[in-house]
Amino acid sequence: MSNRMRAVGYAATQPLADNATAEGHASNRRVELTMDIPMGTKLSQ
């Protein structure tokens with residue numbers, strides 16, 4: 001993985017919903033991606 005992309009799991013420490021219900025538990029099972037793109041980088045379309 002490059003230094004501009006990273007994966008971090010937050011479900012246990014930053015849940016979006018209550019883990020006491022099946023629906024809440026499903027909501028917390030997620031993947032969030034963050035890309036750090038340097039200023040001035042030209043992106044292709």
# chains A, B, ... in the order shown; residues from 1 in each chain; ligands from 1

call {"tool": "residues_around", "arguments": {"residues": "stretch 21-30 of chain A", "least_positions_apart": "5", "cutoff": "7 Å", "atoms": "only C-alpha atoms", "output": "VMD selection string"}}
result
chain A and resid 11 15 to 16

call {"tool": "write_last_selection", "arguments": {"atoms": "all heavy atoms", "output": "PDB file, in the first residue's frame"}}
result
ATOM      1  N   ALA A  11     -14.820   0.434  13.618  1.00  0.00           N
ATOM      2  CA  ALA A  11     -16.123  -0.102  14.050  1.00  0.00           C
ATOM      3  C   ALA A  11     -16.207  -0.289  15.561  1.00  0.00           C
ATOM      4  O   ALA A  11     -17.241  -0.012  16.161  1.00  0.00           O
ATOM      5  CB  ALA A  11     -16.409  -1.417  13.344  1.00  0.00           C
ATOM      6  N   PRO A  15     -18.406   3.473  16.503  1.00  0.00           N
ATOM      7  CA  PRO A  15     -19.561   2.893  15.821  1.00  0.00           C
ATOM      8  C   PRO A  15     -20.538   3.971  15.346  1.00  0.00           C
ATOM      9  O   PRO A  15     -20.684   5.009  15.984  1.00  0.00           O
ATOM     10  CB  PRO A  15     -20.197   2.010  16.889  1.00  0.00           C
ATOM     11  CG  PRO A  15     -19.763   2.590  18.183  1.00  0.00           C
ATOM     12  CD  PRO A  15     -18.398   3.170  17.937  1.00  0.00           C
ATOM     13  N   LEU A  16     -21.189   3.700  14.217  1.00  0.00           N
ATOM     14  CA  LEU A  16     -22.214   4.614  13.713  1.00  0.00           C
ATOM     15  C   LEU A  16     -23.564   4.330  14.349  1.00  0.00           C
ATOM     16  O   LEU A  16     -24.421   5.200  14.417  1.00  0.00           O
ATOM     17  CB  LEU A  16     -22.351   4.469  12.193  1.00  0.00           C
ATOM     18  CG  LEU A  16     -21.141   4.876  11.357  1.00  0.00           C
ATOM     19  CD1 LEU A  16     -21.403   4.593   9.891  1.00  0.00           C
ATOM     20  CD2 LEU A  16     -20.845   6.357  11.555  1.00  0.00           C
TER      21      LEU A  16
END

call {"tool": "select_by_dssp", "arguments": {"residues": "chain A", "states": "helix (DSSP H, G or I)", "output": "NGL selection string"}}
result
:A and (22-28)

call {"tool": "atom_distance", "arguments": {"atom1": "atom CA of A:Thr34", "atom2": "atom CA of A:Arg6"}}
result
6.9 Å

call {"tool": "select_by_dssp", "arguments": {"residues": "chain A", "states": "strand (DSSP E or B)", "output": "NGL selection string"}}
result
:A and (5-6 or 34-35)

call {"tool": "atom_distance", "arguments": {"atom1": "atom CA of A:Ala17", "atom2": "atom CA of A:Val31"}}
result
14.5 Å
